[in-house]
Amino acid sequence: MTGQVSGHVQRQAAYQLVVDGKSIDGAVKPRLHSLSLTERRGAEADELELVLNDTDGKLAIPPAGATVTLKLGWLDLRDGASPVLIDKGSFTVDERGHGGTPDRLTIRARSANLTRAFRTRQTQTWSNTTLGTVLEDVAIRNGLQARVAADKAAIAVSHLTQDSESDSAFLARLGRLHDAMATVKAGRLLFSPIAAGVTATGQSIPEATITRRDGDRHTWSSAERENYSGVIAKWRSRAKGSSGEVVIGSSSNAKRLGRTYGSEESARRAAQADNTKQERKGAQFSLDLASGRPDLYPDRKLTVSGWKPEIDNSGWVITETRHQLDAGGGLKTSLQMELNPAPPARAAA
């Protein structure tokens, strides 16, 4: 095949699949009906789905618990060109299905180490410690490595109870409370500020740019009815015998949090986190890309151009990506985004 047509380099979607350390590319390629990967920002696991043709009935149903690693990208159809593949992590097979006709085998695998312990209700109390220590304890209990952003790890915890709550639900609750990306991927418990532009280990995440010509379909919406002027959180300290309210923003049209917090500091932190969350949800933007971008992933910041000024002049943060590969070699990416409350400065036109 030729390397270029009309000045454009021909590309074909490429992937690498390894199961328990053994490559299965050769076995999968002639049978591949579809491959899809959904990546999420929250505590919910990323999901890999493979649908394979089994019209000859020769496919064996794989065992649950197998580890699948995926790399996804593009191959330039030029002599000697190597595929540019993005490592999308490892997944554990936890669901298998077979249907027909035509007969097809469906395999689903998830990124989180969803062991029985991670889903089992736990009870534990922490006092006079830090959030980093709490998350480290949860990680060790599940055989994970904790990767917690320094500013989050240093947060003082005077008293915190996990009361008959699974570690999965507990992690999600801490993420909401501290406005953090809280998830488990590749054997690591990750906890870092949302839209901070850095990983949990402090490495910079480069901002991506998308233009209108990159897109296929899009949807933008902004709902004023849900916009609050601020957030109010109540607190009551039994130890000090005092109580009060914390207001972040303006109280004129503020959202009141239903929970009463154990200290003024924890109430302030919760109100600030919720206020920032409200700012991000001021608008949503979804986009289907004509050509897949496996280099895009949740919590990566985006700038866009070629749409309406209200869209182009906003900064965006990815909340979910879906990469879809079909048997013909086509690769598409769908993005779900919310506002970045602190978009980058734009140069004057």
# chains A, B, ... in the order shown; residues from 1 in each chain; ligands from 1
call {"tool": "select_by_dssp", "arguments": {"residues": "segment 52-120 of chain A", "states": "helix (DSSP H, G or I)", "output": "PyMOL selection string"}}
result
chain A and resi 116-119
call {"tool": "select_by_dssp", "arguments": {"residues": "segment 42-283 of chain A", "states": "strand (DSSP E or B)", "output": "MDAnalysis selection string"}}
result
chainID A and resid 47:53 67:76 84:99 104:110 121:130 145:148 156:166 180:185 188:193 198 204 208:211 215:221 230:237 242:249 254:261
call {"tool": "closest_residue", "arguments": {"among": "A:Asp54, A:Phe91, A:Val304, A:Val68", "to": "Thr211 of chain A", "atoms": "only C-alpha atoms"}}
result
A:Val304
call {"tool": "atom_distance", "arguments": {"atom1": "atom CA of Gly244 of chain A", "atom2": "atom CA of Ser263 of chain A"}}
result
9.1 Å
call {"tool": "closest_atom_pairs", "arguments": {"of": "segment 85-145 of chain A", "to": "segment 277-297 of chain A", "cutoff": "9 Å", "atoms": "only C-alpha atoms", "output": "JSON lines"}}
result
{"residue": "A:Leu85", "atom": "CA", "partner": "A:Pro294", "partner_atom": "CA", "distance": 8.3}
{"residue": "A:Ile86", "atom": "CA", "partner": "A:Asp295", "partner_atom": "CA", "distance": 6.4}
{"residue": "A:Asp87", "atom": "CA", "partner": "A:Pro294", "partner_atom": "CA", "distance": 8.9}
{"residue": "A:Lys88", "atom": "CA", "partner": "A:Pro294", "partner_atom": "CA", "distance": 8.2}
call {"tool": "closest_residue", "arguments": {"among": "A:Gly132, A:Pro83, A:Gly315, A:Gly328", "to": "Asn340 of chain A", "atoms": "only C-alpha atoms"}}
result
A:Gly315
call {"tool": "closest_residue", "arguments": {"among": "A:Val148, A:Ile311, A:Leu75, A:Ile318", "to": "Gly330 of chain A", "atoms": "only C-alpha atoms"}}
result
A:Leu75
